[in-house]
Amino acid sequence: MALKKDVDLNSVIAKPLTLKVHSDYIAAYGENKEDYEYCMTEYLRMSGIYWGLTAMALMGELDRMNKGEVLQFVRSCQDPVSGGISSSPGHDPHLLYTLSALQILSIYDEKLSDQEQDKVVNYIKSLQQPSGSFIGDKWGEEDTRFSFCAVACLSLIGRLNDIDVEKATEFVVSCMNFDGGFGSRPGSESHAGLIYCCVGYFSVVGRLDLVDADTLGWWLCERQLPSALSLLGESTLQVVDPTYCMPKSVINKLRLAPQRLNVS
Amino acid sequence: MSLQEDDFPAGEKILADLDNVFRTDPELEDFFIIPVSGNQNKSPVVHADHSLGLESWCVQHLYCYVYGKLINHKTRKKREDPKVVARLLRGALLINPETAAFWNMMKQLIESERVGPEEDLRFSAVVLSFKPKCSEVFTHRKWVLRKMVAQADVQPMAVLKYLQAELRITQLAASKYPSNYNAWNHRKWVLEALVPKGGAEQKELLKQELKLSHCWTSNHVSDYSGLQYRQYVMQAIFSTFKHEDFLCQTEWLLELPSKMEAKCCSSCAAASVLEQELQMLDELIVRYEGHESLWYHRRFVLHSLQKVCASAVCAKLGASLFNSVVGSERAFASSVCRESKLAHENGHASRHLSWVENVLRITAA
């Protein structure tokens, strides 16, 4: 049924989450640094490392990763001129990888030196535009993802007030659409990834009050597909509200107004 | 396949063959990787009918070869001549356009005038034919275009040419990948960056875009991003409506009967456009069952109509008119629920009704 835009999950799919298979895969990833697949993904290596480390940490297997090697890699990617951090040696500094680098350091409870930190802060400051937005690097692409990256970076190192937070907030607010969602720039289509970045932005700067929670919550709820519910398994199957296509207990947790649940 | 593979003897020949195609065919349109296990004694570069093909057997060797050389050049381990760098970059970017560092090296070659910006735009358009969703390509094109239009001696005719090329390219990219967020986003940027605001040119273009998006919508009913582009164009049009201009603007309207008098005032003109949009959606929803995108677009139209009615000074618009629209909406959604044989179309209609009742802030008449 192509029109459904959903998958059919049958009962044959494995029920328990096989964590060991996942942790073995991540631990072995990148053992052969010279193969084609590895070099095709160098452009996002820093983020890849962050995703891998986070997954391992969540699985309680962080010790399987080589902390020393990772930290050395991170430090080798800071550009001495701009202060920004790249995805991999030889690649260019960018806000995306600066954030991934700081996140990696944070997982290992490592701190930048004062000098390294000042350089990162100056890099981020240099990327803020008169409109309050952030460009990703010196080449000038503007996107709400970079607003999130900027404040997330600065928040991790306690330097949020080094940028014009008010102006940055104005820009992100200007990207809000009629449906409560956010896009990459003013007038861009609401997109779940960018909504994550914008809501994350507001959370970091302490301005979640600016989000139209009810309208946006409605939008988010409607994105869940029926197949996602089958992952809960028969033993936890709950009555589903047809409007939201999700269990009533979840709707209650999201604190959606009770009168909206009565659909006749 | 090793990163340090300096011993891929065919590498330079393949890159030269690729470059030869770009040089001799200024109308080159497409690039493909041809799945062929292939004869390694023959060139893997295929060129016919303005299409460029690269046989898949060589791709991994070639990429490791160019990648190693480019990174060695960049990290100053082994510097190359700018012409060689340009050739290596084209090879690398055809295969893996996600690599921002390589587009940045190309920018530096453009800045130092080793590569012409128009030549580069032709190249990245070909890359886009292969990877129509790649955000790095659009980002790079924006930089090149900004640079070109910022030149002091840029001619309006040249800017128009760039505009038309971008419109054509974004439409092609949108046709190759469903709901192509990046392509439609780029199209919006083009309207903002390459068209002077408030002039006759902008109005003509918006008219053209509204017509084009009507045609596109009818043929791509599930293109969420294409529909949102239509919303963007409509909003841009409404913001150009000034009291003295709107009277000439009835050509905005589709050829559908309208209950509203578009010529009354600018708010009525906007309301007419939105009313006709609902009629267009009525037809599409019934004809093509099961497309959430159409219902979602409907919400935008209702929300916009509500805003127009709420802010209008005109006596013809107001809460009672909007409430009657909501009444029609309830009737339409209920009829779809009754008539549709598809369970999930039923779901779309009932969810839409729920949204109308709970999210659209309806005030008492």
# chains A, B, ... in the order shown; residues from 1 in each chain; ligands from 1

$ residues_around --residues "region 61-77 of chain A" --least-positions-apart "6" --cutoff "7 Å" --atoms "only C-alpha atoms" --output "list in words"
Ala27, Leu53, Ile85, Ser86, Ser88, Pro89 and Ala101 of chain A

$ write_last_selection --atoms "N, CA and C atoms" --output "PDB file, in the first residue's frame"
ATOM      1  N   ALA A  27      32.661  -0.353  17.996  1.00  0.00           N
ATOM      2  CA  ALA A  27      34.033  -0.526  18.478  1.00  0.00           C
ATOM      3  C   ALA A  27      34.986  -0.839  17.321  1.00  0.00           C
ATOM      4  N   LEU A  53      30.438   7.523  20.187  1.00  0.00           N
ATOM      5  CA  LEU A  53      30.775   7.580  21.622  1.00  0.00           C
ATOM      6  C   LEU A  53      29.511   7.651  22.475  1.00  0.00           C
ATOM      7  N   ILE A  85      36.789  24.271  14.653  1.00  0.00           N
ATOM      8  CA  ILE A  85      37.226  22.872  14.626  1.00  0.00           C
ATOM      9  C   ILE A  85      36.631  22.180  13.395  1.00  0.00           C
ATOM     10  N   SER A  86      37.444  21.365  12.733  1.00  0.00           N
ATOM     11  CA  SER A  86      36.998  20.699  11.499  1.00  0.00           C
ATOM     12  C   SER A  86      36.570  19.261  11.775  1.00  0.00           C
ATOM     13  N   SER A  88      37.815  16.627  10.426  1.00  0.00           N
ATOM     14  CA  SER A  88      38.937  15.700  10.317  1.00  0.00           C
ATOM     15  C   SER A  88      40.149  16.522   9.903  1.00  0.00           C
ATOM     16  N   PRO A  89      41.382  16.074  10.179  1.00  0.00           N
ATOM     17  CA  PRO A  89      42.540  16.863   9.719  1.00  0.00           C
ATOM     18  C   PRO A  89      42.499  17.027   8.206  1.00  0.00           C
ATOM     19  N   ALA A 101      32.925  18.352  18.538  1.00  0.00           N
ATOM     20  CA  ALA A 101      34.184  18.264  19.286  1.00  0.00           C
ATOM     21  C   ALA A 101      33.960  18.579  20.760  1.00  0.00           C
TER      22      ALA A 101
END

$ residues_around --residues "region 123-126 of chain A" --least-positions-apart "2" --cutoff "7 Å" --atoms "only C-alpha atoms" --output "VMD selection string"
chain A and resid 82 to 84 119 to 121 128 150 163

$ write_last_selection --atoms "all heavy atoms" --output "PDB file, in the first residue's frame"
ATOM      1  N   SER A  82      41.577  30.358  12.823  1.00  0.00           N
ATOM      2  CA  SER A  82      40.208  30.806  13.106  1.00  0.00           C
ATOM      3  C   SER A  82      39.728  30.382  14.490  1.00  0.00           C
ATOM      4  O   SER A  82      38.811  30.977  15.041  1.00  0.00           O
ATOM      5  CB  SER A  82      39.245  30.241  12.054  1.00  0.00           C
ATOM      6  OG  SER A  82      39.164  28.842  12.202  1.00  0.00           O
ATOM      7  N   GLY A  83      40.325  29.319  15.020  1.00  0.00           N
ATOM      8  CA  GLY A  83      39.855  28.792  16.303  1.00  0.00           C
ATOM      9  C   GLY A  83      38.753  27.763  16.161  1.00  0.00           C
ATOM     10  O   GLY A  83      38.391  27.081  17.113  1.00  0.00           O
ATOM     11  N   GLY A  84      38.192  27.637  14.944  1.00  0.00           N
ATOM     12  CA  GLY A  84      37.125  26.670  14.712  1.00  0.00           C
ATOM     13  C   GLY A  84      37.688  25.256  14.582  1.00  0.00           C
ATOM     14  O   GLY A  84      38.892  25.062  14.422  1.00  0.00           O
ATOM     15  N   LYS A 119      39.754  30.850  21.809  1.00  0.00           N
ATOM     16  CA  LYS A 119      39.788  30.768  20.335  1.00  0.00           C
ATOM     17  C   LYS A 119      38.447  30.277  19.794  1.00  0.00           C
ATOM     18  O   LYS A 119      37.942  30.800  18.799  1.00  0.00           O
ATOM     19  CB  LYS A 119      40.893  29.802  19.896  1.00  0.00           C
ATOM     20  CG  LYS A 119      42.276  30.420  19.924  1.00  0.00           C
ATOM     21  CD  LYS A 119      43.258  29.581  19.161  1.00  0.00           C
ATOM     22  CE  LYS A 119      44.316  30.492  18.571  1.00  0.00           C
ATOM     23  NZ  LYS A 119      45.571  29.831  18.341  1.00  0.00           N
ATOM     24  N   VAL A 120      37.892  29.273  20.460  1.00  0.00           N
ATOM     25  CA  VAL A 120      36.597  28.739  20.012  1.00  0.00           C
ATOM     26  C   VAL A 120      35.525  29.808  20.160  1.00  0.00           C
ATOM     27  O   VAL A 120      34.716  30.024  19.250  1.00  0.00           O
ATOM     28  CB  VAL A 120      36.211  27.470  20.822  1.00  0.00           C
ATOM     29  CG1 VAL A 120      34.738  27.127  20.614  1.00  0.00           C
ATOM     30  CG2 VAL A 120      37.074  26.286  20.416  1.00  0.00           C
ATOM     31  N   VAL A 121      35.547  30.497  21.291  1.00  0.00           N
ATOM     32  CA  VAL A 121      34.531  31.535  21.532  1.00  0.00           C
ATOM     33  C   VAL A 121      34.634  32.631  20.476  1.00  0.00           C
ATOM     34  O   VAL A 121      33.627  33.067  19.914  1.00  0.00           O
ATOM     35  CB  VAL A 121      34.674  32.112  22.957  1.00  0.00           C
ATOM     36  CG1 VAL A 121      33.777  33.326  23.141  1.00  0.00           C
ATOM     37  CG2 VAL A 121      34.338  31.056  23.996  1.00  0.00           C
ATOM     38  N   GLN A 128      28.349  35.298  14.026  1.00  0.00           N
ATOM     39  CA  GLN A 128      27.025  35.875  14.212  1.00  0.00           C
ATOM     40  C   GLN A 128      26.834  37.047  13.259  1.00  0.00           C
ATOM     41  O   GLN A 128      27.733  37.876  13.078  1.00  0.00           O
ATOM     42  CB  GLN A 128      26.785  36.334  15.657  1.00  0.00           C
ATOM     43  CG  GLN A 128      25.332  36.805  15.871  1.00  0.00           C
ATOM     44  CD  GLN A 128      24.928  36.930  17.328  1.00  0.00           C
ATOM     45  OE1 GLN A 128      25.751  37.161  18.207  1.00  0.00           O
ATOM     46  NE2 GLN A 128      23.629  36.790  17.596  1.00  0.00           N
ATOM     47  N   ALA A 150      25.790  27.134  17.805  1.00  0.00           N
ATOM     48  CA  ALA A 150      26.496  28.218  18.488  1.00  0.00           C
ATOM     49  C   ALA A 150      26.165  28.241  19.977  1.00  0.00           C
ATOM     50  O   ALA A 150      27.062  28.227  20.825  1.00  0.00           O
ATOM     51  CB  ALA A 150      26.148  29.562  17.844  1.00  0.00           C
ATOM     52  N   ILE A 163      27.911  36.092  23.126  1.00  0.00           N
ATOM     53  CA  ILE A 163      27.242  36.482  21.869  1.00  0.00           C
ATOM     54  C   ILE A 163      26.010  37.322  22.203  1.00  0.00           C
ATOM     55  O   ILE A 163      25.607  37.403  23.357  1.00  0.00           O
ATOM     56  CB  ILE A 163      26.797  35.259  21.035  1.00  0.00           C
ATOM     57  CG1 ILE A 163      26.003  34.278  21.909  1.00  0.00           C
ATOM     58  CG2 ILE A 163      27.989  34.588  20.377  1.00  0.00           C
ATOM     59  CD1 ILE A 163      24.971  33.493  21.155  1.00  0.00           C
TER      60      ILE A 163
END

$ residues_around --residues "Glu80 (chain B)" --least-positions-apart "3" --cutoff "9 Å" --atoms "only C-alpha atoms" --output "ChimeraX atom specification"
/B:69-70,73,83-85

$ select_by_dssp --residues "region 77-299 of chain B" --states "helix (DSSP H, G or I)" --output "number ranges by chain"
B: 82-95, 100-111, 117-130, 135-149, 156-176, 181-194, 200-219, 224-240, 246-252, 266-287, 292-299

$ closest_atom_pairs --of "chain B" --to "chain A" --cutoff "8 Å" --atoms "only C-alpha atoms" --output "CSV"
residue,atom,partner,partner_atom,distance
B:Met1,CA,A:Asp35,CA,5.7
B:Ser2,CA,A:Glu34,CA,5.2
B:Leu3,CA,A:Glu34,CA,5.1
B:Gln4,CA,A:Glu34,CA,7.7
B:Gln60,CA,A:Tyr36,CA,6.2
B:Tyr63,CA,A:Tyr36,CA,7.7
B:Cys64,CA,A:Tyr36,CA,6.4
B:Tyr67,CA,A:Cys39,CA,7.8
B:Ile71,CA,A:Gly90,CA,5.8
B:Lys74,CA,A:Gly90,CA,6.3
B:Thr75,CA,A:Gly90,CA,5.8
B:Asn96,CA,A:Met40,CA,7.0
B:Glu98,CA,A:Tyr43,CA,7.4
B:Thr99,CA,A:Tyr43,CA,5.4
B:Ala100,CA,A:Tyr43,CA,7.0
B:Ala101,CA,A:His91,CA,5.4
B:Asn104,CA,A:Trp139,CA,7.9
B:Thr139,CA,A:Glu141,CA,6.5
B:Trp143,CA,A:Trp139,CA,7.2
B:Tyr181,CA,A:Glu189,CA,7.7
B:Asn185,CA,A:Ser188,CA,6.5
B:Ser225,CA,A:Glu189,CA,6.8
B:Gln228,CA,A:Glu189,CA,6.1
B:Tyr232,CA,A:Gly187,CA,6.5
B:Gly290,CA,A:Leu3,CA,6.2
B:His291,CA,A:Leu3,CA,7.4
B:Phe300,CA,A:Phe178,CA,7.1
B:His303,CA,A:Phe178,CA,7.3
B:His344,CA,A:Lys4,CA,7.1
B:Gly347,CA,A:Pro242,CA,7.8
B:Ser350,CA,A:Thr243,CA,7.3
B:Arg351,CA,A:Thr243,CA,5.4
B:Ser354,CA,A:Val263,CA,6.7
B:Asn358,CA,A:Arg260,CA,6.1
B:Val359,CA,A:Thr215,CA,6.5

$ residues_around --residues "Glu192 (chain B)" --least-positions-apart "4" --cutoff "12 Å" --atoms "only C-alpha atoms" --output "PyMOL selection string"
(chain A and resi 186-187) or (chain B and resi 142+146+163+185-188+196-198+202+205-206+232-233+236)

$ atom_distance --atom1 "CA of Met56 (chain A)" --atom2 "CA of His22 (chain A)"
8.7 Å

$ atom_distance --atom1 "CA of Asp30 (chain B)" --atom2 "CA of Ser129 (chain B)"
5.4 Å

$ residues_around --residues "region 223-227 of chain A" --least-positions-apart "6" --cutoff "7 Å" --atoms "only C-alpha atoms" --output "PyMOL selection string"
chain A and resi 6-9+245

$ write_last_selection --atoms "N, CA, C and O atoms" --output "mmCIF file, in the first residue's frame"
data_model
loop_
_atom_site.group_PDB
_atom_site.id
_atom_site.type_symbol
_atom_site.label_atom_id
_atom_site.label_comp_id
_atom_site.auth_asym_id
_atom_site.auth_seq_id
_atom_site.Cartn_x
_atom_site.Cartn_y
_atom_site.Cartn_z
ATOM 1 N N ASP A 6 4.244 4.312 5.050
ATOM 2 C CA ASP A 6 4.635 3.712 6.318
ATOM 3 C C ASP A 6 5.127 2.306 5.993
ATOM 4 O O ASP A 6 4.946 1.814 4.892
ATOM 5 N N VAL A 7 5.759 1.669 6.985
ATOM 6 C CA VAL A 7 6.247 0.310 6.748
ATOM 7 C C VAL A 7 5.347 -0.698 7.444
ATOM 8 O O VAL A 7 4.643 -0.358 8.391
ATOM 9 N N ASP A 8 5.398 -1.929 6.978
ATOM 10 C CA ASP A 8 4.676 -3.006 7.659
ATOM 11 C C ASP A 8 5.685 -3.808 8.461
ATOM 12 O O ASP A 8 6.572 -4.427 7.884
ATOM 13 N N LEU A 9 5.551 -3.771 9.787
ATOM 14 C CA LEU A 9 6.471 -4.546 10.621
ATOM 15 C C LEU A 9 5.791 -5.843 10.994
ATOM 16 O O LEU A 9 4.758 -5.832 11.641
ATOM 17 N N CYS A 245 -3.015 9.351 16.905
ATOM 18 C CA CYS A 245 -2.373 8.062 16.610
ATOM 19 C C CYS A 245 -1.315 7.730 17.644
ATOM 20 O O CYS A 245 -0.228 7.275 17.319
#

$ closest_residue --among "B:Leu302, B:Ala349, B:Ile285, B:Leu93" --to "Val326 (chain B)" --atoms "only C-alpha atoms"
B:Leu302

$ residues_around --residues "Asp17 (chain B)" --least-positions-apart "2" --cutoff "10 Å" --atoms "only C-alpha atoms" --output "list in words"
Gly11, Glu12, Lys13, Ile14, Leu15, Asp19, Asn20, Val21, Phe22, Arg23, Ser43, Pro44, Val45, Val46 and His47 of chain B

$ write_last_selection --atoms "N, CA and C atoms" --output "CSV table (one decimal), in the first residue's frame"
chain,number,residue,atom,x,y,z
B,11,GLY,N,44.3,6.9,-13.1
B,11,GLY,CA,43.6,8.1,-12.5
B,11,GLY,C,43.7,9.3,-13.3
B,12,GLU,N,44.9,9.7,-13.7
B,12,GLU,CA,45.1,10.9,-14.4
B,12,GLU,C,44.4,10.9,-15.8
B,13,LYS,N,44.4,9.8,-16.4
B,13,LYS,CA,43.8,9.6,-17.7
B,13,LYS,C,42.2,9.8,-17.6
B,14,ILE,N,41.7,9.2,-16.5
B,14,ILE,CA,40.2,9.3,-16.3
B,14,ILE,C,39.9,10.8,-16.0
B,15,LEU,N,40.6,11.4,-15.2
B,15,LEU,CA,40.4,12.8,-14.8
B,15,LEU,C,40.5,13.7,-16.1
B,19,ASP,N,37.5,15.9,-17.7
B,19,ASP,CA,37.6,17.3,-18.0
B,19,ASP,C,37.4,17.7,-19.5
B,20,ASN,N,37.8,16.8,-20.3
B,20,ASN,CA,37.6,16.9,-21.8
B,20,ASN,C,36.1,17.1,-22.1
B,21,VAL,N,35.3,16.3,-21.4
B,21,VAL,CA,33.9,16.3,-21.7
B,21,VAL,C,33.3,17.7,-21.2
B,22,PHE,N,33.7,18.1,-20.0
B,22,PHE,CA,33.3,19.4,-19.5
B,22,PHE,C,33.7,20.6,-20.5
B,23,ARG,N,34.9,20.4,-21.0
B,23,ARG,CA,35.4,21.5,-21.9
B,23,ARG,C,34.7,21.5,-23.2
B,43,SER,N,38.7,3.3,-21.4
B,43,SER,CA,38.3,4.5,-20.5
B,43,SER,C,36.9,4.2,-20.0
B,44,PRO,N,36.7,4.5,-18.6
B,44,PRO,CA,35.4,4.3,-18.0
B,44,PRO,C,34.5,5.5,-18.2
B,45,VAL,N,35.0,6.5,-19.0
B,45,VAL,CA,34.3,7.8,-19.2
B,45,VAL,C,33.4,7.6,-20.4
B,46,VAL,N,32.1,7.8,-20.3
B,46,VAL,CA,31.2,7.7,-21.4
B,46,VAL,C,30.5,9.0,-21.6
B,47,HIS,N,30.4,9.5,-22.9
B,47,HIS,CA,29.8,10.8,-23.2
B,47,HIS,C,28.9,10.6,-24.4

$ residues_around --residues "Lys107 (chain B)" --least-positions-apart "5" --cutoff "10 Å" --atoms "only C-alpha atoms" --output "list in words"
Trp139 of chain A; Ala101, Phe102, Ser112, Glu113, Arg114, Val115, Pro117, Asp120, His140, Trp143 and Val144 of chain B

$ select_by_dssp --residues "region 2-176 of chain A" --states "strand (DSSP E or B)" --output "list in words"
Gln78, Ile85, Ser86, Pro93, Gln128, Phe134, Ile135, Glu142 and Met176 of chain A

$ closest_residue --among "B:His61, B:Lys133, B:Arg330, B:Arg90" --to "Pro178 (chain B)" --atoms "only C-alpha atoms"
B:Lys133

$ atom_distance --atom1 "CA of Ser203 (chain A)" --atom2 "CA of Phe134 (chain A)"
17.3 Å
